[in-house]
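Visitor: Dropping the structure in here first, questions after.
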Number of protein chains: 2
Amino acid sequence: MRGVVMHAPGDVRVETREDPSILLPTDAIIRVSATCVCGSDLWPYRGVEPVKGPSPMGHEYVGIVEEVGGEVRTIRPGQFVVGSFFASDNTCPICRAGYQSSCVHREPVGGLGAQAEYLRVPLADGTLVATPDIPSDDLIPGFLAASDVLGTGWFGAVAAEVGPGKTVAVVGDGAVGLLAVLAAKRLGAERIIAMSRHEPRQKLAADYGATHIVTERGDEGVARIKDLTDGLGAHSVIEAVGTQESMMQAIRATRAGGHVGYVGVAHDVELPGEELFFSHVHLHGGPAPVRRFLPELIDLIATRQIDPGKVFDLTLPLDEAAEGYRAMDERRAIKVLLNP
Amino acid sequence: MRGVVMHAPGDVRVETREDPSILLPTDAIIRVSATCVCGSDLWPYRGVEPVKGPSPMGHEYVGIVEEVGGEVRTIRPGQFVVGSFFASDNTCPICRAGYQSSCVHREPVGGLGAQAEYLRVPLADGTLVATPDIPSDDLIPGFLAASDVLGTGWFGAVAAEVGPGKTVAVVGDGAVGLLAVLAAKRLGAERIIAMSRHEPRQKLAADYGATHIVTERGDEGVARIKDLTDGLGAHSVIEAVGTQESMMQAIRATRAGGHVGYVGVAHDVELPGEELFFSHVHLHGGPAPVRRFLPELIDLIATRQIDPGKVFDLTLPLDEAAEGYRAMDERRAIKVLLNP
């Protein structure tokens, strides 16, 4: 089969890889209908994370189940399924508490390479969720978004305790940040402040429910949020970048007693203990337990109540993955869908 | 009047200070019935925090109201009152959300010097809570504990989302840690693990409801907590020290999706962003909004349902404050009560 392999920072190739097969009786093999490039794929692409030899890429996927192992009970061949970036058993105490991405048996899907024609998904019953029926083509981008960026933005909003009557700020205007705006809207936020300086992203943020746009960053961005909230800060701030600046912007834009939900994968971030202590914020985040939200998100998409697929502003054949990475790296595209 | 003044690290004196008087119409003057030395007073005493010239000390106090300003409505002369270390209006949006120690009009009481015969309390209506009647002498240590260490331990337990069915670990066996054990018990924790290597403190922890004692610290302490929790970590961990080691011990001892409540004043703490991200813990803490809990705590003490006053294992006349500081610094005493 064909699949994306990263050889070094900036060096992404589509190559022939071995077809995956059932290794464990809890596995499933899916034929990938759509996959995509993630903001987190850009960390190694930019050399911020090391590339340890040729690495199959991709951890976002939807597709048709081809085959299942002998112990798979609920997932069946022929179903259209949505998964996420950590396989989970969905039965351990951590999963039952809603933290499937920290499942005691979790396996990162990234290493398996979802940017490919076929994918082996471990712990299929605990990882995959089937859609009500085979979706029409126009719904596929939405389901694909649920696989990571929507689930992650949603978790950010839940971690930030977004709810009715609250003012919410979103730091980061990538796909996750934009879908955090959508999540905040669905969860009933009264005011949603999107922090973005890119016009097409501002427009999508407004489509998704942003009531205010703040273009300033850092201390000036914080000052603008304070201006909009009687000097107090937002009730809920969703951090969707993962840098020192964005984390401090999120913490400082939150009122005492408020909540920061942080879902940008942290790189070289050190939080100053004393400032955090006196900030009085709640801090929660991490790799989104997308599995917790998939049944609800699939229903919202299938019934066309939300359209998270709009974050895909560039669609390419899988063979042109390298151009997809370039477009995202140069911020020419918000998010790139790849068709195997 | 007589009052404690710190001149330099290790140099604490009881001197004649000017009697306080009403400066603002929202002030009250109280005659201090009992005050005490706080773990946080040891930071400047040990030179970890700077001492900027002679500084009146103390921020824990109970006493009889002597006089109130013209705008004070609910507090009246003759009442026995409990206050805390930040004066608050108790009406701003931050106070109404339960974060009185971040009140938009907050004033630190520490700078006013509660280790003294009299104390001016700003924002008296929002800061002070009267007991049902003038308490008998044996209840005074308990009410004094409510002023800071009990309120702080309680907030730590609430921030750590302690509740029925949960396993709770407490890092730190000072007065705050011990009273966090008491709080965890009252809040219904199933198992309470006190981390302590000091026998008298272990005994008091057991009295207050600890079901397990762990003497190891750091990584070994974390391993012991994991052993006791099927490898997962505690649901709730209360951090009551404020050092890098204790914070990391608390975070690492908490299961994914669990809650860290941190109330030790952070000194030279830097939290590594990536580890925090993948830990999946909730982190909340800061200066305890003691005022939120005072009505409930006063009721529990007045009706003798709890006895937080047992943390005072040394009582001295105010004039012997220097010995009180020494005893706490050398860990000969858990907490020292001073009688003006």
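In the structure tokens, chains take the letters A, B, ... in the order shown, each chain's residues start at 1, and ligands count up from 1 in the order shown.
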As an NGL selection string, please: every residue in segment 124-307 of chain A that a backbone DSSP assignment puts in strand (DSSP E).
Guide: :A and (129-130 or 167-171 or 191-195 or 212-214 or 234-239 or 254-262 or 270-272 or 282-285)
Visitor: With a distance threshold of 6 Å and counting only C-alpha atoms, extract the residues of chain B near chain A and express them as an NGL selection string.
Guide: :B and (266 or 269-274 or 277-278 or 280 or 282-284 or 286)
Visitor: By how many Å are atom CA of Glu239 of chain A and atom CA of Ile238 of chain B apart?
Guide: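 One can read the atom CA of Glu239 of chain A to atom CA of Ile238 of chain B distance as 25.3 Å.
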Visitor: Excluding Gly63 of chain B and any residue of its chain fewer than 2 positions from it, enumerate the residues within 8 Å of it, using only C-alpha atoms, and give them as a list in words.
Guide: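 Returned residues: Ile30, Arg31, Val32, Ser33, Ala34, Tyr61, Val65, Phe80, Val81 and Val82 of chain B.
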Visitor: If we count only C-alpha atoms, what is near Gly151 of chain A at a cut-off of 10 Å, once residues fewer than 6 positions away on the same chain are taken out, given as a list in words?
Guide: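 Result of the neighbour search: Ser84, Ala145, Ala157, Val176, Leu179, Ala180, Ala183, Ala288, Pro289, Val290, Arg291, Arg292, Phe293, Leu294 and Leu297 of chain A.
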Visitor: How about saving the chosen residues, C-alpha atoms kept, as a compact mmCIF listing (two decimals), in the first residue's frame?
Guide:
```
# COMPACT_ATOMS: atom_id res chain seq x y z
CA SER A 84 -8.55 8.65 17.46
CA ALA A 145 -12.30 16.24 12.18
CA ALA A 157 -13.72 23.59 26.14
CA VAL A 176 -8.17 22.96 17.17
CA LEU A 179 -13.19 23.96 16.69
CA ALA A 180 -12.82 24.98 20.33
CA ALA A 183 -17.44 23.59 21.04
CA ALA A 288 -7.66 14.84 24.49
CA PRO A 289 -9.61 11.73 25.43
CA VAL A 290 -11.40 11.95 22.10
CA ARG A 291 -13.04 8.55 22.64
CA ARG A 292 -15.10 10.03 25.50
CA PHE A 293 -16.73 12.49 23.13
CA LEU A 294 -16.98 10.45 19.90
CA LEU A 297 -19.79 14.23 18.24
```
Visitor: Give me, as a list in words, all polymer residues having an atom no more than 9 Å from Glu66 of chain A, counting only C-alpha atoms and skipping those fewer than 6 positions away in the same chain.
Guide: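 My reading of the contact set: Ala28, Ile29, Ile30, Arg31, Arg76, Pro77, Gly78 and Gln79 of chain A.
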Visitor: Keeping only all heavy atoms, write the selected residues to a file as an mmCIF file, in the first residue's frame.
Guide:
```
data_model
loop_
_atom_site.group_PDB
_atom_site.id
_atom_site.type_symbol
_atom_site.label_atom_id
_atom_site.label_comp_id
_atom_site.auth_asym_id
_atom_site.auth_seq_id
_atom_site.Cartn_x
_atom_site.Cartn_y
_atom_site.Cartn_z
ATOM 1 N N ALA A 28 -8.280 -4.393 14.536
ATOM 2 C CA ALA A 28 -9.079 -4.301 13.307
ATOM 3 C C ALA A 28 -8.205 -3.693 12.215
ATOM 4 O O ALA A 28 -7.269 -2.938 12.510
ATOM 5 C CB ALA A 28 -10.317 -3.437 13.524
ATOM 6 N N ILE A 29 -8.498 -4.045 10.977
ATOM 7 C CA ILE A 29 -7.861 -3.380 9.839
ATOM 8 C C ILE A 29 -8.927 -2.529 9.174
ATOM 9 O O ILE A 29 -10.040 -3.011 8.900
ATOM 10 C CB ILE A 29 -7.327 -4.412 8.811
ATOM 11 C CG1 ILE A 29 -6.353 -5.382 9.466
ATOM 12 C CG2 ILE A 29 -6.684 -3.683 7.616
ATOM 13 C CD1 ILE A 29 -5.079 -4.767 9.985
ATOM 14 N N ILE A 30 -8.610 -1.270 8.934
ATOM 15 C CA ILE A 30 -9.562 -0.425 8.211
ATOM 16 C C ILE A 30 -8.942 0.080 6.908
ATOM 17 O O ILE A 30 -7.732 0.292 6.812
ATOM 18 C CB ILE A 30 -10.086 0.764 9.056
ATOM 19 C CG1 ILE A 30 -8.991 1.783 9.354
ATOM 20 C CG2 ILE A 30 -10.716 0.278 10.360
ATOM 21 C CD1 ILE A 30 -9.562 3.065 9.941
ATOM 22 N N ARG A 31 -9.811 0.215 5.903
ATOM 23 C CA ARG A 31 -9.436 0.875 4.662
ATOM 24 C C ARG A 31 -9.718 2.353 4.887
ATOM 25 O O ARG A 31 -10.874 2.742 5.152
ATOM 26 C CB ARG A 31 -10.261 0.320 3.494
ATOM 27 C CG ARG A 31 -9.976 0.980 2.153
ATOM 28 C CD ARG A 31 -10.440 0.104 0.977
ATOM 29 N NE ARG A 31 -11.787 -0.450 1.189
ATOM 30 C CZ ARG A 31 -12.931 0.213 0.945
ATOM 31 N NH1 ARG A 31 -12.906 1.445 0.478
ATOM 32 N NH2 ARG A 31 -14.091 -0.387 1.175
ATOM 33 N N ARG A 76 -17.574 -4.393 13.354
ATOM 34 C CA ARG A 76 -17.766 -5.449 12.333
ATOM 35 C C ARG A 76 -17.296 -4.960 10.965
ATOM 36 O O ARG A 76 -17.419 -3.759 10.655
ATOM 37 C CB ARG A 76 -19.255 -5.801 12.219
ATOM 38 C CG ARG A 76 -19.874 -6.369 13.482
ATOM 39 C CD ARG A 76 -21.326 -6.802 13.224
ATOM 40 N NE ARG A 76 -22.137 -5.728 12.622
ATOM 41 C CZ ARG A 76 -22.741 -4.770 13.330
ATOM 42 N NH1 ARG A 76 -22.634 -4.746 14.654
ATOM 43 N NH2 ARG A 76 -23.446 -3.828 12.729
ATOM 44 N N PRO A 77 -16.799 -5.871 10.136
ATOM 45 C CA PRO A 77 -16.412 -5.489 8.773
ATOM 46 C C PRO A 77 -17.576 -4.796 8.053
ATOM 47 O O PRO A 77 -18.744 -5.178 8.240
ATOM 48 C CB PRO A 77 -16.059 -6.822 8.111
ATOM 49 C CG PRO A 77 -15.576 -7.674 9.247
ATOM 50 C CD PRO A 77 -16.458 -7.294 10.406
ATOM 51 N N GLY A 78 -17.247 -3.784 7.273
ATOM 52 C CA GLY A 78 -18.266 -3.051 6.529
ATOM 53 C C GLY A 78 -18.726 -1.777 7.217
ATOM 54 O O GLY A 78 -19.311 -0.904 6.580
ATOM 55 N N GLN A 79 -18.468 -1.651 8.531
ATOM 56 C CA GLN A 79 -18.868 -0.426 9.222
ATOM 57 C C GLN A 79 -17.944 0.736 8.823
ATOM 58 O O GLN A 79 -16.749 0.545 8.588
ATOM 59 C CB GLN A 79 -18.779 -0.614 10.745
ATOM 60 C CG GLN A 79 -19.894 -1.470 11.334
ATOM 61 C CD GLN A 79 -19.727 -1.642 12.830
ATOM 62 O OE1 GLN A 79 -18.619 -1.769 13.326
ATOM 63 N NE2 GLN A 79 -20.846 -1.660 13.550
#
```
Visitor: Do you know which residues are at most 10 Å from Ile298 of chain A counting only C-alpha atoms, after dropping those on the same chain fewer than 4 positions away, and could you put them as an NGL selection string?
Guide: :A and (81-82 or 129-132 or 142-143 or 146-147 or 293-294 or 302-304 or 306)
Visitor: Could you pull out all residues of segment 252-323 of chain A with a DSSP call of helix (DSSP H, G or I) and give them as number ranges by chain?
Guide: A: 252, 273-279, 290-302, 308-311, 318-323
Visitor: Using N, CA, C and O atoms, can you export the residues from the last selection as a tab-separated table (two decimals), in the first residue's frame?
Guide:
```tsv
chain	number	residue	atom	x	y	z
A	252	ARG	N	-2.85	34.14	32.10
A	252	ARG	CA	-3.03	35.55	32.51
A	252	ARG	C	-4.36	36.14	32.04
A	252	ARG	O	-4.82	37.12	32.59
A	273	GLY	N	5.80	28.57	39.18
A	273	GLY	CA	4.92	28.11	40.27
A	273	GLY	C	4.26	29.25	41.04
A	273	GLY	O	3.07	29.20	41.35
A	274	GLU	N	5.03	30.28	41.34
A	274	GLU	CA	4.49	31.33	42.19
A	274	GLU	C	3.40	32.11	41.44
A	274	GLU	O	2.34	32.41	42.01
A	275	GLU	N	3.64	32.41	40.17
A	275	GLU	CA	2.61	33.12	39.41
A	275	GLU	C	1.35	32.26	39.27
A	275	GLU	O	0.22	32.76	39.41
A	276	LEU	N	1.54	30.98	39.01
A	276	LEU	CA	0.40	30.08	38.88
A	276	LEU	C	-0.39	30.05	40.19
A	276	LEU	O	-1.62	30.11	40.20
A	277	PHE	N	0.34	29.97	41.31
A	277	PHE	CA	-0.28	29.93	42.63
A	277	PHE	C	-1.19	31.14	42.84
A	277	PHE	O	-2.36	31.01	43.19
A	278	PHE	N	-0.65	32.30	42.60
A	278	PHE	CA	-1.44	33.51	42.87
A	278	PHE	C	-2.47	33.81	41.78
A	278	PHE	O	-3.36	34.63	41.97
A	279	SER	N	-2.35	33.14	40.63
A	279	SER	CA	-3.35	33.35	39.57
A	279	SER	C	-4.70	32.78	39.96
A	279	SER	O	-5.73	33.21	39.46
A	290	VAL	N	-10.41	11.77	23.17
A	290	VAL	CA	-11.40	11.95	22.10
A	290	VAL	C	-12.49	10.88	22.19
A	290	VAL	O	-13.67	11.14	21.96
A	291	ARG	N	-12.08	9.66	22.57
A	291	ARG	CA	-13.04	8.55	22.64
A	291	ARG	C	-14.24	8.89	23.53
A	291	ARG	O	-15.35	8.45	23.25
A	292	ARG	N	-14.00	9.66	24.59
A	292	ARG	CA	-15.10	10.03	25.50
A	292	ARG	C	-16.20	10.77	24.74
A	292	ARG	O	-17.38	10.59	25.01
A	293	PHE	N	-15.77	11.60	23.79
A	293	PHE	CA	-16.73	12.49	23.13
A	293	PHE	C	-17.26	11.94	21.80
A	293	PHE	O	-18.22	12.49	21.26
A	294	LEU	N	-16.63	10.89	21.26
A	294	LEU	CA	-16.98	10.45	19.90
A	294	LEU	C	-18.47	10.13	19.69
A	294	LEU	O	-19.05	10.57	18.69
A	295	PRO	N	-19.10	9.38	20.60
A	295	PRO	CA	-20.52	9.09	20.31
A	295	PRO	C	-21.36	10.36	20.14
A	295	PRO	O	-22.15	10.48	19.20
A	296	GLU	N	-21.13	11.33	21.04
A	296	GLU	CA	-21.89	12.58	20.95
A	296	GLU	C	-21.52	13.37	19.69
A	296	GLU	O	-22.39	13.90	18.99
A	297	LEU	N	-20.23	13.44	19.40
A	297	LEU	CA	-19.79	14.23	18.24
A	297	LEU	C	-20.29	13.59	16.94
A	297	LEU	O	-20.72	14.29	16.01
A	298	ILE	N	-20.23	12.25	16.86
A	298	ILE	CA	-20.72	11.57	15.66
A	298	ILE	C	-22.20	11.87	15.45
A	298	ILE	O	-22.65	12.14	14.32
A	299	ASP	N	-22.95	11.86	16.53
A	299	ASP	CA	-24.37	12.17	16.40
A	299	ASP	C	-24.60	13.60	15.91
A	299	ASP	O	-25.43	13.84	15.02
A	300	LEU	N	-23.86	14.55	16.46
A	300	LEU	CA	-24.02	15.96	16.06
A	300	LEU	C	-23.66	16.15	14.59
A	300	LEU	O	-24.28	16.96	13.89
A	301	ILE	N	-22.66	15.42	14.12
A	301	ILE	CA	-22.23	15.55	12.71
A	301	ILE	C	-23.23	14.83	11.79
A	301	ILE	O	-23.66	15.37	10.77
A	302	ALA	N	-23.60	13.61	12.17
A	302	ALA	CA	-24.50	12.81	11.33
A	302	ALA	C	-25.85	13.51	11.14
A	302	ALA	O	-26.47	13.42	10.08
A	308	PRO	N	-17.90	20.55	11.48
A	308	PRO	CA	-16.49	20.79	11.77
A	308	PRO	C	-15.59	20.61	10.57
A	308	PRO	O	-14.43	21.03	10.58
A	309	GLY	N	-16.11	19.99	9.50
A	309	GLY	CA	-15.29	19.72	8.32
A	309	GLY	C	-14.83	20.97	7.60
A	309	GLY	O	-13.92	20.91	6.75
A	310	LYS	N	-15.43	22.13	7.95
A	310	LYS	CA	-15.03	23.38	7.29
A	310	LYS	C	-13.59	23.77	7.57
A	310	LYS	O	-13.04	24.65	6.90
A	311	VAL	N	-12.97	23.15	8.58
A	311	VAL	CA	-11.57	23.50	8.84
A	311	VAL	C	-10.64	22.99	7.74
A	311	VAL	O	-9.52	23.46	7.60
A	318	LEU	N	-3.51	11.50	-1.46
A	318	LEU	CA	-2.47	11.07	-0.53
A	318	LEU	C	-1.08	11.25	-1.13
A	318	LEU	O	-0.14	11.65	-0.42
A	319	ASP	N	-0.95	10.97	-2.43
A	319	ASP	CA	0.37	11.05	-3.07
A	319	ASP	C	0.98	12.45	-3.01
A	319	ASP	O	2.19	12.61	-3.19
A	320	GLU	N	0.14	13.46	-2.78
A	320	GLU	CA	0.67	14.83	-2.69
A	320	GLU	C	0.81	15.31	-1.25
A	320	GLU	O	0.77	16.50	-0.95
A	321	ALA	N	1.02	14.36	-0.35
A	321	ALA	CA	1.12	14.70	1.07
A	321	ALA	C	2.20	15.75	1.34
A	321	ALA	O	2.03	16.64	2.19
A	322	ALA	N	3.31	15.66	0.62
A	322	ALA	CA	4.41	16.61	0.88
A	322	ALA	C	3.95	18.04	0.70
A	322	ALA	O	4.28	18.93	1.50
A	323	GLU	N	3.15	18.27	-0.33
A	323	GLU	CA	2.60	19.61	-0.55
A	323	GLU	C	1.64	19.99	0.59
A	323	GLU	O	1.58	21.13	1.03
```
Visitor: Write out as a list in words which residues come within 10 Å of Pro108 of chain B when counting only C-alpha atoms, dropping same-chain ones fewer than 4 positions away.
Guide: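 These residues fall inside the cut-off: His59, Ser84, Phe85, Phe86, Ala87, Ser88, Ser101, Leu112, Gly113, Val121 and Pro122 of chain B.
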Visitor: Could you take the residues named above and write them with C-alpha atoms, as a tab-separated table (two decimals), in the first residue's frame?
Guide:
```tsv
chain	number	residue	atom	x	y	z
B	59	HIS	CA	-1.91	37.10	59.70
B	84	SER	CA	-8.24	35.45	57.59
B	85	PHE	CA	-5.09	36.58	55.86
B	86	PHE	CA	-6.67	38.58	53.07
B	87	ALA	CA	-9.30	41.20	53.78
B	88	SER	CA	-12.04	40.99	51.14
B	101	SER	CA	-8.39	35.82	48.59
B	112	LEU	CA	-0.79	44.89	59.46
B	113	GLY	CA	0.73	42.46	61.95
B	121	VAL	CA	-9.03	44.65	59.99
B	122	PRO	CA	-9.98	46.32	56.69
```
